[in-house]
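Novice: For reference, the file run_13.csv (CSV, C-alpha atoms and all ligand atoms) is included below:
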chain,number,residue,atom,x,y,z
Y,1,TYR,CA,107.5,102.8,69.0
Y,2,THR,CA,109.2,99.6,68.1
Y,3,ARG,CA,112.2,98.4,69.9
Y,4,ASN,CA,115.3,98.2,67.7
Y,5,LYS,CA,116.5,94.7,67.1
Y,6,PRO,CA,119.9,94.2,68.7
Y,7,ASP,CA,122.7,94.2,66.1
Y,8,PHE,CA,125.1,91.5,67.1
Y,9,SER,CA,127.5,92.3,64.4
Y,10,ASN,CA,129.4,95.1,66.0
Y,11,ARG,CA,130.4,96.6,69.3
Y,12,GLY,CA,128.2,99.7,69.2
Y,13,MET,CA,125.6,98.2,71.4
Y,14,THR,CA,124.2,99.3,74.7
Y,15,LEU,CA,125.6,97.7,77.9
Y,16,GLU,CA,122.3,95.9,78.4
Y,17,ASP,CA,122.5,94.3,74.9
Y,18,ASP,CA,126.1,93.3,75.6
Y,19,ILE,CA,125.1,91.7,78.9
Y,20,ALA,CA,122.2,89.9,77.2
Y,21,ALA,CA,124.5,88.5,74.6
Y,22,THR,CA,126.9,87.4,77.3
Y,23,ASN,CA,124.1,85.8,79.3
Y,24,GLU,CA,123.0,83.9,76.2
Y,25,TYR,CA,126.6,82.7,75.7
Y,26,TYR,CA,127.0,81.7,79.3
Y,27,ARG,CA,123.7,79.7,79.1
Y,28,ILE,CA,124.7,77.9,75.9
Y,29,ALA,CA,128.2,77.2,77.1
Y,30,ASN,CA,126.9,75.9,80.4
Y,31,ILE,CA,128.8,78.6,82.4
Y,32,ALA,CA,125.9,80.2,84.2
Y,33,ASN,CA,122.2,80.8,84.1
Y,34,ILE,CA,121.5,84.6,84.4
Y,35,HIS,CA,118.5,86.4,83.1
Y,36,LYS,CA,117.3,90.0,82.8
Y,37,LYS,CA,114.1,90.5,84.8
Y,38,PRO,CA,111.3,91.7,82.6
Y,39,THR,CA,110.2,95.3,83.2
Y,40,PRO,CA,107.2,95.2,85.5
Y,41,ILE,CA,104.0,96.6,83.9
Y,42,GLN,CA,100.8,97.7,85.5
Y,43,ILE,CA,98.0,96.4,83.2
Y,44,VAL,CA,94.8,98.4,83.2
Y,45,ASP,CA,92.9,97.2,80.2
Y,46,VAL,CA,93.1,94.0,78.1
Y,47,HIS,CA,90.9,93.1,75.2
Y,48,TYR,CA,90.2,89.5,74.3
Y,49,PRO,CA,89.4,89.4,70.6
Y,50,LYS,CA,87.8,86.2,69.3
Y,51,ARG,CA,90.3,83.8,67.7
Y,52,SER,CA,93.4,85.9,68.4
Y,53,ALA,CA,95.7,86.8,71.2
Y,54,ALA,CA,94.8,89.0,74.1
Y,55,VAL,CA,95.8,92.6,73.4
Y,56,ILE,CA,96.9,94.9,76.2
Y,57,LYS,CA,95.2,98.3,75.5
Y,58,GLU,CA,96.3,100.3,78.5
Y,59,ALA,CA,99.2,99.7,80.7
Y,60,TYR,CA,101.9,101.7,82.6
Y,61,PHE,CA,105.6,101.1,83.4
Y,62,LYS,CA,106.1,100.3,87.1
Y,63,GLN,CA,109.1,101.1,89.1
Y,64,ALA,CA,111.1,97.8,89.4
Y,65,SER,CA,111.6,96.8,93.1
Y,66,THR,CA,114.8,94.9,92.4
Y,67,THR,CA,117.8,95.0,90.1
Y,68,ASP,CA,118.2,94.3,86.4
Y,69,PHE,CA,119.7,90.8,86.4
Y,70,ASN,CA,119.8,87.7,88.6
Y,71,GLY,CA,120.6,84.0,88.3
Y,72,VAL,CA,122.9,81.2,89.4
Y,73,TYR,CA,126.7,80.7,88.9
Y,74,ARG,CA,128.7,77.9,90.5
Y,75,GLY,CA,125.9,77.3,92.9
Y,76,ARG,CA,125.7,80.9,94.1
Y,77,TYR,CA,123.0,83.4,93.7
Y,78,VAL,CA,124.1,86.3,91.6
Y,79,ASP,CA,122.3,89.7,91.4
Y,80,PHE,CA,123.4,92.9,89.7
Y,81,GLU,CA,122.5,96.2,88.2
Y,82,ALA,CA,124.0,97.5,85.0
Y,83,LYS,CA,124.6,101.2,84.4
Y,84,GLU,CA,126.2,103.3,81.7
Y,85,THR,CA,127.6,106.8,82.3
Y,86,LYS,CA,128.9,109.5,79.9
Y,87,ASN,CA,130.7,111.0,82.8
Y,88,LYS,CA,134.6,110.8,82.5
Y,89,THR,CA,135.8,111.3,86.1
Y,90,SER,CA,133.1,109.7,88.3
Y,91,PHE,CA,130.0,107.6,88.4
Y,92,PRO,CA,127.1,109.7,89.8
Y,93,LEU,CA,125.2,107.9,92.6
Y,94,SER,CA,122.0,109.5,91.2
Y,95,ASN,CA,122.0,106.6,88.7
Y,96,ILE,CA,121.2,104.3,91.6
Y,97,HIS,CA,117.9,104.2,93.6
Y,98,GLN,CA,117.5,103.5,97.3
Y,99,HIS,CA,115.3,100.5,96.6
Y,100,GLN,CA,118.1,98.9,94.5
Y,101,ILE,CA,120.5,99.4,97.4
Y,102,ASP,CA,118.0,97.9,99.8
Y,103,HIS,CA,117.5,94.9,97.5
Y,104,MET,CA,121.3,94.3,97.0
Y,105,LYS,CA,121.9,94.7,100.8
Y,106,ASP,CA,119.2,92.1,101.4
Y,107,CYS,CA,120.5,89.7,98.9
Y,108,HIS,CA,124.1,90.2,100.1
Y,109,GLN,CA,123.0,89.5,103.6
Y,110,HIS,CA,121.6,86.2,102.5
Y,111,GLY,CA,124.9,85.2,100.9
Y,112,GLY,CA,124.2,86.3,97.3
Y,113,ILE,CA,126.9,87.8,95.1
Y,114,CYS,CA,125.8,91.3,94.3
Y,115,PHE,CA,127.5,94.0,92.2
Y,116,LEU,CA,127.2,96.8,89.8
Y,117,ILE,CA,128.4,96.7,86.2
Y,118,VAL,CA,129.4,100.2,85.3
Y,119,LYS,CA,130.3,101.3,81.8
Y,120,PHE,CA,132.2,104.5,81.2
Y,121,THR,CA,131.1,105.1,77.6
Y,122,VAL,CA,133.7,107.8,77.0
Y,123,HIS,CA,136.6,105.6,78.1
Y,124,ASP,CA,134.9,102.5,76.6
Y,125,GLU,CA,135.7,100.7,79.8
Y,126,THR,CA,133.4,98.4,81.8
Y,127,TYR,CA,133.9,97.4,85.4
Y,128,LEU,CA,132.4,95.1,87.9
Y,129,PHE,CA,132.1,97.0,91.2
Y,130,PRO,CA,131.2,94.9,94.3
Y,131,ALA,CA,128.0,95.9,96.2
Y,132,GLU,CA,129.9,96.0,99.5
Y,133,ASN,CA,132.0,98.9,98.2
Y,134,LEU,CA,129.0,100.5,96.6
Y,135,PHE,CA,127.3,100.5,100.0
Y,136,SER,CA,130.1,102.4,101.6
Y,137,TYR,CA,129.9,105.2,99.0
Y,138,TRP,CA,126.1,105.2,99.3
Y,139,GLU,CA,126.3,105.6,103.1
Y,140,GLY,CA,128.9,108.3,102.7
Y,141,GLN,CA,126.6,110.2,100.4
Y,142,LEU,CA,123.8,110.0,102.9
Y,143,ASN,CA,126.2,111.4,105.6
Y,144,GLY,CA,127.2,114.4,103.5
Y,145,GLY,CA,129.9,112.8,101.5
Y,146,ARG,CA,130.4,113.0,97.8
Y,147,LYS,CA,127.5,112.2,95.5
Y,148,SER,CA,129.6,110.1,93.1
Y,149,ILE,CA,132.2,107.3,93.0
Y,150,PRO,CA,135.4,108.6,91.5
Y,151,TYR,CA,136.4,106.8,88.2
Y,152,LEU,CA,139.9,106.1,89.7
Y,153,ASP,CA,138.3,104.4,92.7
Y,154,ILE,CA,136.2,102.2,90.4
Y,155,LYS,CA,139.4,101.4,88.4
Y,156,GLU,CA,141.3,100.5,91.6
Y,157,ILE,CA,138.6,98.6,93.5
Y,158,GLY,CA,136.6,97.1,90.6
Y,159,ILE,CA,137.6,94.6,88.0
Y,160,VAL,CA,137.8,95.6,84.4
Y,161,LEU,CA,135.6,93.5,82.2
Y,162,ASP,CA,137.4,92.9,78.9
Y,163,PHE,CA,135.4,92.6,75.7
Y,164,HIS,CA,135.5,89.1,74.2
Y,165,PHE,CA,133.7,88.0,71.0
Y,166,GLN,CA,131.2,85.8,72.8
Y,167,ALA,CA,131.4,87.1,76.3
Y,168,ARG,CA,131.2,90.8,75.6
Y,169,VAL,CA,131.0,91.7,79.3
Y,170,ASP,CA,132.8,88.7,80.8
Y,171,TYR,CA,131.7,89.2,84.4
Y,172,ALA,CA,131.9,85.5,85.3
Y,173,LYS,CA,135.7,85.6,85.3
Y,174,ALA,CA,135.6,88.7,87.6
Y,175,ILE,CA,133.3,86.8,89.9
Y,176,ASP,CA,135.8,84.0,90.1
Y,177,LYS,CA,138.5,86.4,91.1
Y,178,LEU,CA,136.4,88.2,93.7
Y,179,TYR,CA,134.2,85.6,95.3
Y,180,PHE,CA,135.7,82.2,94.9
D,1,TYR,CA,89.9,94.2,83.2
D,2,THR,CA,91.4,95.2,86.5
D,3,ARG,CA,93.3,92.8,88.6
D,4,ASN,CA,91.6,92.1,91.9
D,5,LYS,CA,93.5,93.3,94.9
D,6,PRO,CA,94.6,90.3,97.0
D,7,ASP,CA,92.5,89.8,100.1
D,8,PHE,CA,94.9,89.0,102.9
D,9,SER,CA,92.2,88.4,105.4
D,10,ASN,CA,91.3,84.8,104.6
D,11,ARG,CA,92.6,81.7,103.1
D,12,GLY,CA,90.6,81.7,99.9
D,13,MET,CA,93.5,83.0,97.8
D,14,THR,CA,95.3,81.6,94.9
D,15,LEU,CA,98.5,79.8,95.4
D,16,GLU,CA,100.4,82.6,93.7
D,17,ASP,CA,98.9,85.1,96.2
D,18,ASP,CA,99.8,82.8,99.1
D,19,ILE,CA,103.4,82.5,97.8
D,20,ALA,CA,103.6,86.3,97.3
D,21,ALA,CA,102.5,86.8,100.9
D,22,THR,CA,105.1,84.2,102.1
D,23,ASN,CA,107.9,85.9,100.1
D,24,GLU,CA,107.0,89.3,101.6
D,25,TYR,CA,107.1,87.7,105.1
D,26,TYR,CA,110.4,86.0,104.3
D,27,ARG,CA,111.8,89.3,103.2
D,28,ILE,CA,110.7,91.3,106.2
D,29,ALA,CA,111.7,88.6,108.6
D,30,ASN,CA,115.2,88.3,107.0
D,31,ILE,CA,114.6,84.7,106.0
D,32,ALA,CA,115.1,84.8,102.3
D,33,ASN,CA,114.8,87.1,99.3
D,34,ILE,CA,112.6,85.5,96.7
D,35,HIS,CA,110.6,87.4,94.0
D,36,LYS,CA,108.0,86.6,91.4
D,37,LYS,CA,109.4,87.5,88.0
D,38,PRO,CA,107.2,90.0,86.2
D,39,THR,CA,105.3,88.6,83.2
D,40,PRO,CA,107.2,89.4,80.0
D,41,ILE,CA,105.3,91.8,77.7
D,42,GLN,CA,106.0,92.6,74.1
D,43,ILE,CA,105.4,96.3,73.7
D,44,VAL,CA,104.3,97.5,70.3
D,45,ASP,CA,103.0,101.0,70.9
D,46,VAL,CA,103.6,103.6,73.6
D,47,HIS,CA,102.2,107.1,73.8
D,48,TYR,CA,104.1,109.9,75.6
D,49,PRO,CA,101.5,112.4,76.7
D,50,LYS,CA,102.9,115.8,77.8
D,51,ARG,CA,103.2,116.2,81.5
D,52,SER,CA,102.1,112.7,82.3
D,53,ALA,CA,103.3,109.1,82.4
D,54,ALA,CA,104.0,107.1,79.3
D,55,VAL,CA,101.0,104.9,78.3
D,56,ILE,CA,101.4,101.5,76.7
D,57,LYS,CA,98.7,101.4,74.0
D,58,GLU,CA,99.4,98.1,72.4
D,59,ALA,CA,101.2,95.1,73.9
D,60,TYR,CA,101.0,91.4,74.0
D,61,PHE,CA,101.8,88.7,76.6
D,62,LYS,CA,105.0,86.8,75.8
D,63,GLN,CA,105.7,83.3,76.8
D,64,ALA,CA,108.0,83.4,79.8
D,65,SER,CA,111.3,81.6,79.1
D,66,THR,CA,111.9,80.7,82.8
D,67,THR,CA,109.9,79.8,85.9
D,68,ASP,CA,107.7,81.9,88.2
D,69,PHE,CA,110.0,82.6,91.1
D,70,ASN,CA,113.6,82.9,92.0
D,71,GLY,CA,115.9,84.4,94.6
D,72,VAL,CA,118.4,83.6,97.4
D,73,TYR,CA,118.1,81.5,100.6
D,74,ARG,CA,121.0,80.7,102.9
D,75,GLY,CA,123.4,81.6,100.1
D,76,ARG,CA,121.9,79.3,97.6
D,77,TYR,CA,120.1,80.1,94.4
D,78,VAL,CA,116.4,79.0,94.5
D,79,ASP,CA,114.1,78.7,91.5
D,80,PHE,CA,110.6,77.3,91.3
D,81,GLU,CA,107.4,77.1,89.5
D,82,ALA,CA,104.0,77.1,91.2
D,83,LYS,CA,101.0,75.2,89.9
D,84,GLU,CA,97.5,74.5,91.2
D,85,THR,CA,95.4,71.6,90.0
D,86,LYS,CA,91.8,70.6,90.5
D,87,ASN,CA,92.7,67.0,89.8
D,88,LYS,CA,92.3,64.7,92.8
D,89,THR,CA,94.5,61.7,92.0
D,90,SER,CA,97.3,63.2,90.0
D,91,PHE,CA,99.2,66.2,88.7
D,92,PRO,CA,98.9,66.4,84.9
D,93,LEU,CA,102.3,67.1,83.3
D,94,SER,CA,100.5,69.2,80.7
D,95,ASN,CA,100.7,72.0,83.4
D,96,ILE,CA,104.4,72.2,82.7
D,97,HIS,CA,106.1,73.4,79.6
D,98,GLN,CA,109.3,72.0,78.1
D,99,HIS,CA,111.1,75.4,78.4
D,100,GLN,CA,110.4,75.3,82.2
D,101,ILE,CA,111.9,71.9,82.4
D,102,ASP,CA,114.9,73.1,80.4
D,103,HIS,CA,115.3,76.1,82.6
D,104,MET,CA,115.1,74.1,85.8
D,105,LYS,CA,117.5,71.5,84.5
D,106,ASP,CA,120.0,74.2,83.7
D,107,CYS,CA,119.7,75.9,87.0
D,108,HIS,CA,119.9,72.6,88.8
D,109,GLN,CA,123.1,71.7,86.9
D,110,HIS,CA,124.6,75.0,88.1
D,111,GLY,CA,123.9,74.1,91.7
D,112,GLY,CA,120.6,75.9,92.2
D,113,ILE,CA,117.7,74.5,94.3
D,114,CYS,CA,114.8,73.9,91.9
D,115,PHE,CA,111.4,72.6,92.6
D,116,LEU,CA,107.7,72.7,91.9
D,117,ILE,CA,105.1,73.9,94.4
D,118,VAL,CA,101.9,72.0,93.6
D,119,LYS,CA,98.6,72.7,95.2
D,120,PHE,CA,95.8,70.2,95.1
D,121,THR,CA,92.9,72.5,95.6
D,122,VAL,CA,90.4,69.7,96.2
D,123,HIS,CA,92.5,68.3,99.0
D,124,ASP,CA,93.6,71.8,100.1
D,125,GLU,CA,97.1,70.4,100.3
D,126,THR,CA,100.3,72.0,98.9
D,127,TYR,CA,103.6,70.2,98.3
D,128,LEU,CA,107.1,71.0,97.4
D,129,PHE,CA,108.2,68.5,94.8
D,130,PRO,CA,111.9,68.5,93.9
D,131,ALA,CA,112.9,69.2,90.3
D,132,GLU,CA,115.1,66.1,90.2
D,133,ASN,CA,112.0,63.9,90.7
D,134,LEU,CA,110.0,66.0,88.3
D,135,PHE,CA,112.6,65.4,85.6
D,136,SER,CA,112.2,61.6,86.0
D,137,TYR,CA,108.4,61.8,85.4
D,138,TRP,CA,109.0,64.2,82.5
D,139,GLU,CA,111.5,61.8,80.8
D,140,GLY,CA,109.1,58.9,81.5
D,141,GLN,CA,106.3,60.8,79.8
D,142,LEU,CA,108.5,61.4,76.7
D,143,ASN,CA,109.3,57.7,76.6
D,144,GLY,CA,105.7,56.7,76.5
D,145,GLY,CA,105.1,56.6,80.3
D,146,ARG,CA,102.2,58.2,82.1
D,147,LYS,CA,101.3,61.8,81.5
D,148,SER,CA,100.8,62.8,85.1
D,149,ILE,CA,102.4,62.4,88.5
D,150,PRO,CA,100.2,60.4,90.9
D,151,TYR,CA,99.0,62.3,93.9
D,152,LEU,CA,100.3,59.5,96.1
D,153,ASP,CA,103.8,59.8,94.7
D,154,ILE,CA,103.8,63.6,95.3
D,155,LYS,CA,102.6,62.9,98.9
D,156,GLU,CA,105.4,60.3,99.4
D,157,ILE,CA,108.3,62.0,97.6
D,158,GLY,CA,107.4,65.7,98.2
D,159,ILE,CA,107.1,67.7,101.4
D,160,VAL,CA,103.8,68.9,102.5
D,161,LEU,CA,103.7,72.7,103.1
D,162,ASP,CA,101.6,73.6,106.1
D,163,PHE,CA,99.7,76.8,106.2
D,164,HIS,CA,101.0,79.3,108.7
D,165,PHE,CA,99.5,82.7,109.4
D,166,GLN,CA,102.5,84.6,108.0
D,167,ALA,CA,104.2,81.9,105.9
D,168,ARG,CA,101.1,80.6,104.1
D,169,VAL,CA,103.3,78.3,101.9
D,170,ASP,CA,106.2,77.7,104.2
D,171,TYR,CA,108.6,76.3,101.6
D,172,ALA,CA,111.8,77.5,103.3
D,173,LYS,CA,111.4,74.8,106.0
D,174,ALA,CA,111.0,72.2,103.3
D,175,ILE,CA,114.2,73.4,101.6
D,176,ASP,CA,116.0,73.0,105.0
D,177,LYS,CA,114.9,69.4,105.1
D,178,LEU,CA,115.7,68.5,101.6
D,179,TYR,CA,118.8,70.5,100.7
D,180,PHE,CA,120.7,71.4,103.8
Y,201,MG,MG,120.2,99.1,84.5
Y,202,MG,MG,102.8,79.2,87.9
Could you quickly redo this structure as structure tokens?
Specialist:
Amino acid sequence: YTRNKPDFSNRGMTLEDDIAATNEYYRIANIANIHKKPTPIQIVDVHYPKRSAAVIKEAYFKQASTTDFNGVYRGRYVDFEAKETKNKTSFPLSNIHQHQIDHMKDCHQHGGICFLIVKFTVHDETYLFPAENLFSYWEGQLNGGRKSIPYLDIKEIGIVLDFHFQARVDYAKAIDKLYF
Amino acid sequence: YTRNKPDFSNRGMTLEDDIAATNEYYRIANIANIHKKPTPIQIVDVHYPKRSAAVIKEAYFKQASTTDFNGVYRGRYVDFEAKETKNKTSFPLSNIHQHQIDHMKDCHQHGGICFLIVKFTVHDETYLFPAENLFSYWEGQLNGGRKSIPYLDIKEIGIVLDFHFQARVDYAKAIDKLYF
């Protein structure tokens, strides 16, 4: 198992790769400082060979307690989760975990800018969907409502993120529109 | 190698443990949402045993490109690095890496609240030291100045963080004083 190196030459990348490239551009262009949080790992066994780097010999993936990305933009705290779906007509809420909702609610309450970036791979469209709206659908689901957010609702409420050469998922412009 | 479980019963904990406990208290008491970033790991080999969790069989510690902690407090982005020193009279700048300075400068430029939490273990005193001041000492060092920040300067410029039962490193109050 070796992670594939991201291929920056074309568009056939994952949403996470596109956001990573965007974050890197934002950082270099002095637009924002946003990072992906590393995956938390539970380390069980480490060897310390003489004269070389420590080797982790046994470890497990832990459930992240927060979201994928956070950082600072125009003085504000920004926090978001990125999800792709192959679904055409809706975004299934099963893609989101309760702890991610809890985390976004908490950050939102402290004045952070929180949202979902959703990519509909079949439509090749990516949207910023505000956490405040996500919360409503989440509560609805818990109260017997539908278990997904209709694509048309995301299209209407969210902001479409156009693909640009450097800002492949140009969410900063969408933040400007929605939160400033 | 198994990580010791933190012992919350007494004060003999590391600075990181004290900050983790403080962050947990801040989260539960709805004061702030601040997390430690997981240590980035370069994964080389993973096994996927049938009917059980994936096991990482070979991995290496990567150099973190940012600081230890970030999150949101009173709507602002907060970012800091925590360091302990056994030194009595100064804080050696060799404890800080250039990439951490670069990261804090960048976040500071975007309006984030950035600082160092320094614990002098011999004095059993912990200080919040603003990044703006850290930058001056860092530049000074690069221009042939001293390679450490005098303890007395930290005492004078920084804000002492008193130990409280729940907020063991009560940095939020210090942020109030300095940045609001
Ligand atoms: Mg994700
Ligand atoms: Mg540290």
Novice: Write out the coordinates of chain D as a short mmCIF file (atom, residue, chain, number, x, y, z; two decimals) with C-alpha atoms, in the frame of the given file after a least-squares overlay onto chain Y built on all ordered Cα pairs.
Specialist:
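File written: selection_34.cif
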data_model
loop_
_atom_site.label_atom_id
_atom_site.label_comp_id
_atom_site.auth_asym_id
_atom_site.auth_seq_id
_atom_site.Cartn_x
_atom_site.Cartn_y
_atom_site.Cartn_z
CA TYR D 1 107.55 102.94 69.04
CA THR D 2 109.16 99.65 68.18
CA ARG D 3 112.18 98.42 69.95
CA ASN D 4 115.18 98.15 67.68
CA LYS D 5 116.40 94.65 67.14
CA PRO D 6 119.89 94.26 68.65
CA ASP D 7 122.65 94.28 66.07
CA PHE D 8 125.05 91.53 67.05
CA SER D 9 127.48 92.33 64.34
CA ASN D 10 129.42 95.16 65.96
CA ARG D 11 130.35 96.62 69.21
CA GLY D 12 128.17 99.70 69.12
CA MET D 13 125.54 98.21 71.43
CA THR D 14 124.25 99.24 74.73
CA LEU D 15 125.60 97.68 77.81
CA GLU D 16 122.30 95.91 78.41
CA ASP D 17 122.53 94.34 74.91
CA ASP D 18 126.14 93.32 75.56
CA ILE D 19 125.13 91.71 78.90
CA ALA D 20 122.16 89.95 77.22
CA ALA D 21 124.52 88.52 74.61
CA THR D 22 126.96 87.40 77.39
CA ASN D 23 124.14 85.72 79.37
CA GLU D 24 122.98 83.84 76.25
CA TYR D 25 126.61 82.68 75.68
CA TYR D 26 126.93 81.71 79.34
CA ARG D 27 123.78 79.70 79.06
CA ILE D 28 124.68 77.85 75.90
CA ALA D 29 128.19 77.22 77.05
CA ASN D 30 126.96 75.84 80.44
CA ILE D 31 128.74 78.58 82.37
CA ALA D 32 125.94 80.17 84.26
CA ASN D 33 122.21 80.85 84.09
CA ILE D 34 121.58 84.54 84.45
CA HIS D 35 118.47 86.41 83.13
CA LYS D 36 117.33 89.97 82.78
CA LYS D 37 114.13 90.40 84.77
CA PRO D 38 111.29 91.62 82.60
CA THR D 39 110.20 95.23 83.25
CA PRO D 40 107.19 95.25 85.57
CA ILE D 41 104.02 96.59 83.88
CA GLN D 42 100.80 97.65 85.50
CA ILE D 43 98.03 96.44 83.25
CA VAL D 44 94.83 98.42 83.26
CA ASP D 45 92.97 97.24 80.18
CA VAL D 46 93.12 94.09 78.06
CA HIS D 47 90.98 93.20 75.08
CA TYR D 48 90.24 89.55 74.19
CA PRO D 49 89.53 89.49 70.49
CA LYS D 50 87.90 86.25 69.21
CA ARG D 51 90.30 83.86 67.64
CA SER D 52 93.35 85.92 68.37
CA ALA D 53 95.79 86.84 71.13
CA ALA D 54 94.85 89.02 74.04
CA VAL D 55 95.85 92.70 73.47
CA ILE D 56 96.97 94.97 76.27
CA LYS D 57 95.28 98.31 75.51
CA GLU D 58 96.32 100.33 78.47
CA ALA D 59 99.32 99.79 80.75
CA TYR D 60 101.93 101.71 82.55
CA PHE D 61 105.60 101.11 83.47
CA LYS D 62 106.07 100.30 87.16
CA GLN D 63 109.14 101.02 89.12
CA ALA D 64 111.07 97.80 89.46
CA SER D 65 111.54 96.82 93.12
CA THR D 66 114.80 94.87 92.46
CA THR D 67 117.82 95.01 90.16
CA ASP D 68 118.23 94.23 86.45
CA PHE D 69 119.68 90.76 86.51
CA ASN D 70 119.86 87.67 88.59
CA GLY D 71 120.55 83.96 88.34
CA VAL D 72 122.94 81.15 89.40
CA TYR D 73 126.73 80.68 88.94
CA ARG D 74 128.73 77.86 90.49
CA GLY D 75 125.89 77.29 92.95
CA ARG D 76 125.76 80.79 94.16
CA TYR D 77 123.02 83.34 93.79
CA VAL D 78 124.13 86.36 91.65
CA ASP D 79 122.32 89.69 91.42
CA PHE D 80 123.40 92.87 89.71
CA GLU D 81 122.47 96.12 88.25
CA ALA D 82 123.97 97.53 85.05
CA LYS D 83 124.54 101.21 84.45
CA GLU D 84 126.23 103.25 81.72
CA THR D 85 127.50 106.77 82.26
CA LYS D 86 128.82 109.45 79.96
CA ASN D 87 130.70 111.00 82.85
CA LYS D 88 134.48 110.80 82.51
CA THR D 89 135.78 111.22 86.06
CA SER D 90 133.09 109.64 88.15
CA PHE D 91 129.95 107.56 88.48
CA PRO D 92 127.07 109.70 89.78
CA LEU D 93 125.17 107.90 92.56
CA SER D 94 121.99 109.48 91.23
CA ASN D 95 122.02 106.50 88.72
CA ILE D 96 121.10 104.25 91.61
CA HIS D 97 117.89 104.16 93.52
CA GLN D 98 117.52 103.48 97.24
CA HIS D 99 115.28 100.41 96.60
CA GLN D 100 118.16 98.89 94.52
CA ILE D 101 120.51 99.45 97.35
CA ASP D 102 118.01 97.89 99.75
CA HIS D 103 117.53 94.94 97.49
CA MET D 104 121.24 94.35 97.05
CA LYS D 105 121.89 94.70 100.75
CA ASP D 106 119.27 92.09 101.46
CA CYS D 107 120.54 89.68 98.92
CA HIS D 108 124.08 90.21 100.06
CA GLN D 109 123.07 89.50 103.69
CA HIS D 110 121.58 86.19 102.50
CA GLY D 111 124.86 85.18 100.93
CA GLY D 112 124.25 86.27 97.35
CA ILE D 113 126.95 87.81 95.09
CA CYS D 114 125.84 91.38 94.33
CA PHE D 115 127.49 93.97 92.26
CA LEU D 116 127.20 96.81 89.81
CA ILE D 117 128.39 96.65 86.20
CA VAL D 118 129.35 100.20 85.24
CA LYS D 119 130.29 101.24 81.78
CA PHE D 120 132.13 104.45 81.12
CA THR D 121 131.15 105.01 77.56
CA VAL D 122 133.68 107.79 76.99
CA HIS D 123 136.52 105.55 78.07
CA ASP D 124 134.84 102.47 76.53
CA GLU D 125 135.68 100.67 79.74
CA THR D 126 133.33 98.45 81.81
CA TYR D 127 133.87 97.41 85.43
CA LEU D 128 132.40 95.11 87.93
CA PHE D 129 132.13 97.00 91.19
CA PRO D 130 131.20 94.96 94.26
CA ALA D 131 128.02 95.87 96.15
CA GLU D 132 129.90 95.96 99.46
CA ASN D 133 132.00 98.90 98.17
CA LEU D 134 128.97 100.51 96.62
CA PHE D 135 127.22 100.48 99.98
CA SER D 136 130.14 102.43 101.56
CA TYR D 137 129.85 105.24 98.94
CA TRP D 138 126.06 105.20 99.33
CA GLU D 139 126.27 105.60 103.16
CA GLY D 140 128.94 108.30 102.68
CA GLN D 141 126.62 110.18 100.34
CA LEU D 142 123.79 110.05 102.95
CA ASN D 143 126.18 111.39 105.56
CA GLY D 144 127.06 114.40 103.52
CA GLY D 145 129.94 112.81 101.51
CA ARG D 146 130.38 113.03 97.77
CA LYS D 147 127.56 112.18 95.44
CA SER D 148 129.53 110.09 93.00
CA ILE D 149 132.15 107.37 92.93
CA PRO D 150 135.43 108.57 91.38
CA TYR D 151 136.41 106.84 88.20
CA LEU D 152 139.82 106.16 89.71
CA ASP D 153 138.33 104.38 92.70
CA ILE D 154 136.17 102.17 90.40
CA LYS D 155 139.36 101.40 88.36
CA GLU D 156 141.28 100.51 91.58
CA ILE D 157 138.59 98.66 93.55
CA GLY D 158 136.57 97.11 90.65
CA ILE D 159 137.56 94.60 87.99
CA VAL D 160 137.79 95.67 84.48
CA LEU D 161 135.64 93.52 82.11
CA ASP D 162 137.37 92.90 78.82
CA PHE D 163 135.40 92.55 75.68
CA HIS D 164 135.42 89.08 74.21
CA PHE D 165 133.72 88.04 71.00
CA GLN D 166 131.18 85.80 72.76
CA ALA D 167 131.37 87.11 76.34
CA ARG D 168 131.18 90.84 75.55
CA VAL D 169 130.98 91.66 79.33
CA ASP D 170 132.84 88.75 80.78
CA TYR D 171 131.72 89.20 84.39
CA ALA D 172 131.90 85.51 85.34
CA LYS D 173 135.73 85.67 85.35
CA ALA D 174 135.58 88.69 87.61
CA ILE D 175 133.28 86.82 90.02
CA ASP D 176 135.89 83.97 90.09
CA LYS D 177 138.50 86.45 91.18
CA LEU D 178 136.51 88.24 93.74
CA TYR D 179 134.25 85.61 95.31
CA PHE D 180 135.75 82.20 94.88
#
Novice: Smallest atom-to-atom distance to Gly140 (chain D): which of D:Leu116, D:Leu93, D:Val169, D:Leu152, using all atoms listed in the file?
Specialist: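 Looking only at the distances to Gly140 (chain D), the closest residue turns out to be D:Leu93.
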Novice: Would you mind telling me which residue in D:Ser65, D:Asn95, D:Thr121, D:Gln166 lies nearest to chain Y when using all atoms listed in the file?
Specialist: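 Of D:Ser65, D:Asn95, D:Thr121, D:Gln166, the one nearest chain Y is D:Ser65, counting all atoms listed in the file.
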Novice: So how far away is CA of Ala32 (chain D) from CA of Lys83 (chain Y), in Å?
Specialist: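 Straight-line distance from CA of Lys83 (chain Y) to CA of Ala32 (chain D) works out to 26.1 Å.
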Novice: Show me, as a ChimeraX atom specification, the residues of chain Y whose atoms get within 9 Å of chain D, using all atoms listed in the file for the distance check.
Specialist: /Y:1-3,27,30-33,35,37-41,43-47,53-61,66,70-79,103,106-113
Novice: Using all atoms listed in the file, determine which residues fall within 8 Å of ligand MG 202 (chain Y), then list them as a PyMOL selection string.
Specialist: chain D and resi 16+67-68+81-84
Novice: Leaving out region 142-151 of chain Y and any residue of its chain fewer than 5 positions from it, which residues lie within 12 Å of it when counting all atoms listed in the file, given as a PyMOL selection string?
Specialist: chain Y and resi 85-96+98+118-123+125-127+129+133-137+156-158+160
